[in-house]
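Novice: Dropping in input.cif, with mmCIF, N, CA and C atoms.
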```cif
data_work
#
loop_
_atom_site.label_atom_id
_atom_site.label_comp_id
_atom_site.auth_asym_id
_atom_site.auth_seq_id
_atom_site.Cartn_x
_atom_site.Cartn_y
_atom_site.Cartn_z
N MET A 1 1.90 -9.28 -1.30
CA MET A 1 1.87 -10.44 -2.16
C MET A 1 1.59 -10.00 -3.59
N ALA A 2 2.35 -10.45 -4.51
CA ALA A 2 2.15 -10.10 -5.91
C ALA A 2 1.64 -11.32 -6.67
N ARG A 3 0.61 -11.13 -7.43
CA ARG A 3 0.04 -12.20 -8.23
C ARG A 3 0.09 -11.76 -9.69
N LYS A 4 0.50 -12.66 -10.58
CA LYS A 4 0.55 -12.33 -12.01
C LYS A 4 -0.82 -12.52 -12.62
N MET A 5 -1.26 -11.52 -13.37
CA MET A 5 -2.54 -11.60 -14.08
C MET A 5 -2.24 -11.87 -15.54
N GLY A 6 -3.09 -12.61 -16.20
CA GLY A 6 -2.90 -12.97 -17.60
C GLY A 6 -3.26 -11.84 -18.55
N PRO A 7 -3.34 -12.15 -19.85
CA PRO A 7 -3.67 -11.13 -20.84
C PRO A 7 -5.05 -10.55 -20.60
N ARG A 8 -5.24 -9.34 -21.03
CA ARG A 8 -6.53 -8.68 -20.88
C ARG A 8 -7.59 -9.38 -21.71
N ALA A 9 -8.82 -9.32 -21.23
CA ALA A 9 -9.92 -10.00 -21.92
C ALA A 9 -10.20 -9.40 -23.29
N ASP A 10 -9.89 -8.12 -23.46
CA ASP A 10 -10.16 -7.48 -24.75
C ASP A 10 -9.07 -7.76 -25.77
N GLY A 11 -8.06 -8.54 -25.38
CA GLY A 11 -7.01 -8.92 -26.31
C GLY A 11 -5.93 -7.87 -26.49
N ILE A 12 -6.06 -6.74 -25.81
CA ILE A 12 -5.06 -5.69 -25.93
C ILE A 12 -3.94 -6.00 -24.96
N GLY A 13 -2.76 -6.15 -25.47
CA GLY A 13 -1.60 -6.39 -24.64
C GLY A 13 -1.56 -7.82 -24.12
N THR A 14 -0.40 -8.36 -24.05
CA THR A 14 -0.25 -9.71 -23.54
C THR A 14 0.69 -9.74 -22.35
N ALA A 15 1.20 -8.59 -21.95
CA ALA A 15 2.12 -8.55 -20.83
C ALA A 15 1.39 -8.91 -19.54
N LEU A 16 2.07 -9.62 -18.66
CA LEU A 16 1.49 -9.96 -17.36
C LEU A 16 1.56 -8.74 -16.46
N THR A 17 0.54 -8.59 -15.64
CA THR A 17 0.47 -7.49 -14.70
C THR A 17 0.55 -8.07 -13.29
N GLU A 18 1.35 -7.45 -12.43
CA GLU A 18 1.42 -7.91 -11.05
C GLU A 18 0.26 -7.34 -10.26
N LEU A 19 -0.39 -8.20 -9.51
CA LEU A 19 -1.46 -7.79 -8.62
C LEU A 19 -0.89 -7.81 -7.22
N ARG A 20 -0.87 -6.69 -6.56
CA ARG A 20 -0.18 -6.56 -5.29
C ARG A 20 -1.09 -6.73 -4.08
N THR A 21 -2.03 -7.63 -4.18
CA THR A 21 -2.93 -7.94 -3.08
C THR A 21 -3.56 -9.31 -3.30
N ARG A 22 -4.04 -9.90 -2.22
CA ARG A 22 -4.71 -11.20 -2.34
C ARG A 22 -6.17 -11.05 -2.74
N ARG A 23 -6.74 -9.88 -2.49
CA ARG A 23 -8.16 -9.65 -2.77
C ARG A 23 -8.32 -8.79 -4.00
N PHE A 24 -9.31 -9.12 -4.80
CA PHE A 24 -9.61 -8.32 -5.98
C PHE A 24 -11.05 -8.57 -6.41
N MET A 25 -11.58 -7.65 -7.19
CA MET A 25 -12.93 -7.79 -7.73
C MET A 25 -13.05 -6.94 -8.98
N SER A 26 -14.05 -7.25 -9.77
CA SER A 26 -14.26 -6.48 -11.00
C SER A 26 -14.85 -5.12 -10.67
N ILE A 27 -14.63 -4.18 -11.55
CA ILE A 27 -15.16 -2.84 -11.33
C ILE A 27 -16.69 -2.86 -11.37
N SER A 28 -17.28 -3.74 -12.16
CA SER A 28 -18.75 -3.81 -12.21
C SER A 28 -19.31 -4.30 -10.88
N ASP A 29 -18.67 -5.29 -10.25
CA ASP A 29 -19.11 -5.74 -8.92
C ASP A 29 -18.94 -4.62 -7.89
N PHE A 30 -17.84 -3.91 -7.99
CA PHE A 30 -17.59 -2.83 -7.05
C PHE A 30 -18.63 -1.73 -7.18
N LYS A 31 -19.00 -1.37 -8.40
CA LYS A 31 -19.98 -0.31 -8.63
C LYS A 31 -21.37 -0.68 -8.11
N LYS A 32 -21.70 -1.97 -8.08
CA LYS A 32 -23.02 -2.39 -7.59
C LYS A 32 -23.23 -2.04 -6.13
N ASN A 33 -22.21 -2.25 -5.31
CA ASN A 33 -22.33 -1.98 -3.89
C ASN A 33 -20.94 -1.79 -3.28
N PRO A 34 -20.38 -0.58 -3.39
CA PRO A 34 -19.01 -0.35 -2.93
C PRO A 34 -18.80 -0.65 -1.44
N MET A 35 -19.74 -0.25 -0.59
CA MET A 35 -19.54 -0.45 0.84
C MET A 35 -19.58 -1.93 1.22
N ARG A 36 -20.38 -2.73 0.52
CA ARG A 36 -20.39 -4.16 0.79
C ARG A 36 -19.01 -4.74 0.48
N CYS A 37 -18.44 -4.31 -0.62
CA CYS A 37 -17.10 -4.79 -1.01
C CYS A 37 -16.06 -4.41 0.03
N VAL A 38 -16.14 -3.18 0.53
CA VAL A 38 -15.18 -2.72 1.54
C VAL A 38 -15.36 -3.52 2.82
N THR A 39 -16.61 -3.76 3.22
CA THR A 39 -16.89 -4.54 4.43
C THR A 39 -16.36 -5.97 4.29
N GLU A 40 -16.58 -6.58 3.15
CA GLU A 40 -16.11 -7.95 2.93
C GLU A 40 -14.59 -8.06 2.92
N ALA A 41 -13.92 -6.97 2.60
CA ALA A 41 -12.45 -6.98 2.58
C ALA A 41 -11.87 -7.03 3.99
N LYS A 42 -12.67 -6.72 5.01
CA LYS A 42 -12.27 -6.80 6.42
C LYS A 42 -10.97 -6.08 6.71
N GLY A 43 -10.85 -4.86 6.19
CA GLY A 43 -9.68 -4.04 6.48
C GLY A 43 -8.47 -4.31 5.62
N GLU A 44 -8.57 -5.20 4.66
CA GLU A 44 -7.44 -5.49 3.78
C GLU A 44 -7.51 -4.61 2.53
N THR A 45 -6.36 -4.37 1.94
CA THR A 45 -6.30 -3.67 0.67
C THR A 45 -6.81 -4.61 -0.42
N PHE A 46 -7.53 -4.06 -1.40
CA PHE A 46 -7.96 -4.89 -2.51
C PHE A 46 -7.90 -4.12 -3.81
N ALA A 47 -7.80 -4.87 -4.90
CA ALA A 47 -7.66 -4.28 -6.23
C ALA A 47 -8.99 -4.31 -6.95
N ILE A 48 -9.24 -3.27 -7.73
CA ILE A 48 -10.39 -3.23 -8.61
C ILE A 48 -9.88 -3.47 -10.02
N LEU A 49 -10.44 -4.49 -10.67
CA LEU A 49 -9.98 -4.88 -12.00
C LEU A 49 -10.90 -4.33 -13.08
N ASN A 50 -10.30 -3.87 -14.15
CA ASN A 50 -11.02 -3.45 -15.35
C ASN A 50 -10.39 -4.21 -16.50
N CYS A 51 -11.18 -5.04 -17.17
CA CYS A 51 -10.66 -5.91 -18.24
C CYS A 51 -9.51 -6.78 -17.75
N ASN A 52 -9.68 -7.35 -16.56
CA ASN A 52 -8.70 -8.24 -15.93
C ASN A 52 -7.36 -7.59 -15.66
N SER A 53 -7.34 -6.29 -15.58
CA SER A 53 -6.11 -5.56 -15.27
C SER A 53 -6.39 -4.64 -14.09
N PRO A 54 -5.49 -4.57 -13.09
CA PRO A 54 -5.77 -3.70 -11.94
C PRO A 54 -5.89 -2.24 -12.37
N GLU A 55 -7.01 -1.65 -12.04
CA GLU A 55 -7.27 -0.25 -12.37
C GLU A 55 -6.89 0.66 -11.21
N PHE A 56 -7.26 0.25 -9.99
CA PHE A 56 -6.87 0.98 -8.79
C PHE A 56 -6.99 0.07 -7.58
N TYR A 57 -6.44 0.52 -6.45
CA TYR A 57 -6.48 -0.23 -5.21
C TYR A 57 -7.29 0.54 -4.18
N ILE A 58 -8.05 -0.18 -3.37
CA ILE A 58 -8.76 0.39 -2.24
C ILE A 58 -7.90 0.08 -1.02
N VAL A 59 -7.47 1.14 -0.34
CA VAL A 59 -6.56 0.99 0.80
C VAL A 59 -7.24 1.55 2.04
N PRO A 60 -7.33 0.76 3.13
CA PRO A 60 -7.94 1.28 4.35
C PRO A 60 -7.19 2.52 4.87
N ALA A 61 -7.91 3.41 5.52
CA ALA A 61 -7.34 4.68 5.98
C ALA A 61 -6.12 4.47 6.88
N ALA A 62 -6.18 3.50 7.80
CA ALA A 62 -5.05 3.26 8.70
C ALA A 62 -3.82 2.80 7.93
N THR A 63 -4.02 1.96 6.93
CA THR A 63 -2.91 1.49 6.10
C THR A 63 -2.31 2.64 5.31
N TYR A 64 -3.17 3.50 4.76
CA TYR A 64 -2.70 4.65 4.00
C TYR A 64 -1.88 5.59 4.89
N ALA A 65 -2.36 5.85 6.11
CA ALA A 65 -1.63 6.71 7.04
C ALA A 65 -0.27 6.11 7.38
N ALA A 66 -0.23 4.79 7.60
CA ALA A 66 1.03 4.12 7.90
C ALA A 66 2.00 4.21 6.73
N LEU A 67 1.48 4.09 5.50
CA LEU A 67 2.33 4.23 4.31
C LEU A 67 2.92 5.63 4.22
N LEU A 68 2.10 6.64 4.46
CA LEU A 68 2.60 8.02 4.42
C LEU A 68 3.67 8.24 5.49
N ASP A 69 3.46 7.71 6.69
CA ASP A 69 4.46 7.82 7.76
C ASP A 69 5.76 7.15 7.35
N ARG A 70 5.66 5.99 6.74
CA ARG A 70 6.86 5.25 6.31
C ARG A 70 7.62 6.02 5.23
N ILE A 71 6.89 6.59 4.29
CA ILE A 71 7.52 7.39 3.23
C ILE A 71 8.24 8.59 3.85
N GLU A 72 7.59 9.25 4.80
CA GLU A 72 8.23 10.40 5.46
C GLU A 72 9.50 9.98 6.19
N ASP A 73 9.45 8.83 6.86
CA ASP A 73 10.65 8.32 7.54
C ASP A 73 11.78 8.05 6.55
N LEU A 74 11.45 7.45 5.41
CA LEU A 74 12.48 7.17 4.39
C LEU A 74 13.06 8.45 3.82
N GLU A 75 12.21 9.46 3.61
CA GLU A 75 12.71 10.75 3.11
C GLU A 75 13.62 11.40 4.13
N ASP A 76 13.25 11.35 5.41
CA ASP A 76 14.09 11.92 6.47
C ASP A 76 15.43 11.19 6.55
N ALA A 77 15.41 9.88 6.43
CA ALA A 77 16.65 9.09 6.48
C ALA A 77 17.56 9.46 5.31
N ALA A 78 16.98 9.67 4.13
CA ALA A 78 17.77 10.06 2.96
C ALA A 78 18.42 11.42 3.19
N LYS A 79 17.69 12.36 3.79
CA LYS A 79 18.26 13.69 4.08
C LYS A 79 19.42 13.57 5.07
N ILE A 80 19.25 12.73 6.08
CA ILE A 80 20.30 12.54 7.08
C ILE A 80 21.55 11.96 6.43
N ARG A 81 21.37 10.94 5.58
CA ARG A 81 22.53 10.35 4.90
C ARG A 81 23.22 11.36 3.99
N ALA A 82 22.45 12.20 3.32
CA ALA A 82 23.03 13.21 2.43
C ALA A 82 23.83 14.24 3.21
N ARG A 83 23.39 14.54 4.42
CA ARG A 83 24.07 15.57 5.23
C ARG A 83 25.24 15.03 6.03
N GLU A 84 25.39 13.71 6.12
CA GLU A 84 26.48 13.12 6.90
C GLU A 84 27.84 13.53 6.37
N THR A 85 27.94 13.72 5.09
CA THR A 85 29.24 14.05 4.48
C THR A 85 29.46 15.55 4.39
N GLY A 86 28.52 16.33 4.87
CA GLY A 86 28.63 17.79 4.81
C GLY A 86 29.59 18.33 5.86
N PRO A 87 29.75 19.64 5.86
CA PRO A 87 30.67 20.25 6.83
C PRO A 87 30.17 20.09 8.26
N ARG A 88 31.13 19.96 9.17
CA ARG A 88 30.80 19.84 10.59
C ARG A 88 30.95 21.20 11.25
N VAL A 89 30.04 21.50 12.13
CA VAL A 89 30.08 22.77 12.85
C VAL A 89 30.11 22.46 14.34
N ALA A 90 31.09 22.98 15.03
CA ALA A 90 31.19 22.76 16.47
C ALA A 90 30.26 23.73 17.18
N VAL A 91 29.49 23.21 18.11
CA VAL A 91 28.58 24.05 18.89
C VAL A 91 28.65 23.65 20.36
N GLU A 92 28.43 24.63 21.19
CA GLU A 92 28.34 24.38 22.63
C GLU A 92 26.87 24.24 22.99
N LEU A 93 26.59 23.45 24.00
CA LEU A 93 25.21 23.26 24.42
C LEU A 93 24.57 24.59 24.83
N ASP A 94 25.34 25.48 25.43
CA ASP A 94 24.79 26.78 25.84
C ASP A 94 24.39 27.63 24.66
N ASP A 95 25.01 27.38 23.48
CA ASP A 95 24.69 28.15 22.28
C ASP A 95 23.36 27.73 21.68
N LEU A 96 22.89 26.55 22.01
CA LEU A 96 21.63 26.06 21.46
C LEU A 96 20.51 26.66 22.25
#
```
Could you rewrite the structure in this file as structure tokens?
Specialist:
Amino acid sequence: MARKMGPRADGIGTALTELRTRRFMSISDFKKNPMRCVTEAKGETFAILNCNSPEFYIVPAATYAALLDRIEDLEDAAKIRARETGPRVAVELDDL
């Protein structure tokens, strides 16, 4: 889910920033008690805001692992598509 954030509180920049999560909190709240914030997120990804702009995202370990697996799958699929138009080599099963 992407949410548009308004201008920064310090007045620098007026471009809207997309927030790619439903949960977010200020960096000052996060610094007070990081583990409480993680516990309250209940396994969801959340954004840490600095001056009303997303500074970084906290991603649960399982979600991060799934993202890496998905990226690897996409990279493998791209390699397969690139090799589809390459030369064909005939092989016998006994040769493998």
Novice: One number please: CA of Ala61 in chain A to CA of Glu40 in chain A, in Å, one decimal.
Specialist: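 Rounded to one decimal, the two atoms are 15.7 Å apart.
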Novice: Name the residues of chain A that fall into strand (DSSP E) according to DSSP on the backbone, using the chain letters and numbers of this document, as a VMD selection string.
Specialist: chain A and resid 3 to 5 17 to 19 23 to 26 46 to 50 53 to 58
Novice: Which residues would end up in the selection if the PyMOL selection byres ((chain A and resi 25) around 8) were applied here, given that I need the answer as a CSV table (one decimal) with N, CA and C atoms, in the frame of the given file?
Specialist:
```
chain,number,residue,atom,x,y,z
A,22,ARG,N,-4.0,-9.9,-2.2
A,22,ARG,CA,-4.7,-11.2,-2.3
A,22,ARG,C,-6.2,-11.0,-2.7
A,23,ARG,N,-6.7,-9.9,-2.5
A,23,ARG,CA,-8.2,-9.6,-2.8
A,23,ARG,C,-8.3,-8.8,-4.0
A,24,PHE,N,-9.3,-9.1,-4.8
A,24,PHE,CA,-9.6,-8.3,-6.0
A,24,PHE,C,-11.0,-8.6,-6.4
A,26,SER,N,-14.0,-7.2,-9.8
A,26,SER,CA,-14.3,-6.5,-11.0
A,26,SER,C,-14.8,-5.1,-10.7
A,27,ILE,N,-14.6,-4.2,-11.6
A,27,ILE,CA,-15.2,-2.8,-11.3
A,27,ILE,C,-16.7,-2.9,-11.4
A,28,SER,N,-17.3,-3.7,-12.2
A,28,SER,CA,-18.8,-3.8,-12.2
A,28,SER,C,-19.3,-4.3,-10.9
A,29,ASP,N,-18.7,-5.3,-10.2
A,29,ASP,CA,-19.1,-5.7,-8.9
A,29,ASP,C,-18.9,-4.6,-7.9
A,30,PHE,N,-17.8,-3.9,-8.0
A,30,PHE,CA,-17.6,-2.8,-7.0
A,30,PHE,C,-18.6,-1.7,-7.2
A,46,PHE,N,-7.5,-4.1,-1.4
A,46,PHE,CA,-8.0,-4.9,-2.5
A,46,PHE,C,-7.9,-4.1,-3.8
A,47,ALA,N,-7.8,-4.9,-4.9
A,47,ALA,CA,-7.7,-4.3,-6.2
A,47,ALA,C,-9.0,-4.3,-7.0
A,48,ILE,N,-9.2,-3.3,-7.7
A,48,ILE,CA,-10.4,-3.2,-8.6
A,48,ILE,C,-9.9,-3.5,-10.0
A,49,LEU,N,-10.4,-4.5,-10.7
A,49,LEU,CA,-10.0,-4.9,-12.0
A,49,LEU,C,-10.9,-4.3,-13.1
A,50,ASN,N,-10.3,-3.9,-14.2
A,50,ASN,CA,-11.0,-3.4,-15.4
A,50,ASN,C,-10.4,-4.2,-16.5
```
Novice: Rounded to one decimal, what separation in Å do you get between CA of Glu18 in chain A and CA of Ser53 in chain A?
Specialist: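 Separation between CA of Glu18 in chain A and CA of Ser53 in chain A: 8.9 Å.
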Novice: Around (-3.8, -2.2, 6.9) in the file's own coordinates, what residues are found within 7 Å if you use all atoms listed in the file, given back as an NGL selection string?
Specialist: :A and (43-45 or 60 or 62-64)
Novice: May I ask for the distance between CA of Phe56 in chain A and CA of Asp76 in chain A, given in Å to one decimal place?
Specialist: 28.1 Å
Novice: Write down as a PyMOL selection string the residues belonging to chain A that are assigned alpha helix (DSSP H) by DSSP computed on the backbone.
Specialist: chain A and resi 27-32+34-41+61-84
Novice: Kindly indicate which residue among A:Glu55, A:Glu92, A:Ala78, A:Val38 lies nearest to Leu19 in chain A, using only C-alpha atoms for the distances.
Specialist: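 Of all the options, A:Glu55 lies closest to Leu19 in chain A.
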Novice: Could you check which of A:Ala41, A:Ile71, A:Ile80, A:Leu96 is closest to Tyr57 in chain A, using only C-alpha atoms?
Specialist: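 Distance minimum relative to Tyr57 in chain A lands on A:Ala41.
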Novice: For range 29-42 of chain A, what centre and edge lengths in Å (one decimal) does the axis-aligned box get once 6 Å is added on each side of all its listed atoms, as JSON?
Specialist:
```
{"center_x": -17.1, "center_y": -4.2, "center_z": -1.8, "size_x": 24.3, "size_y": 19.8, "size_z": 29.0}
```
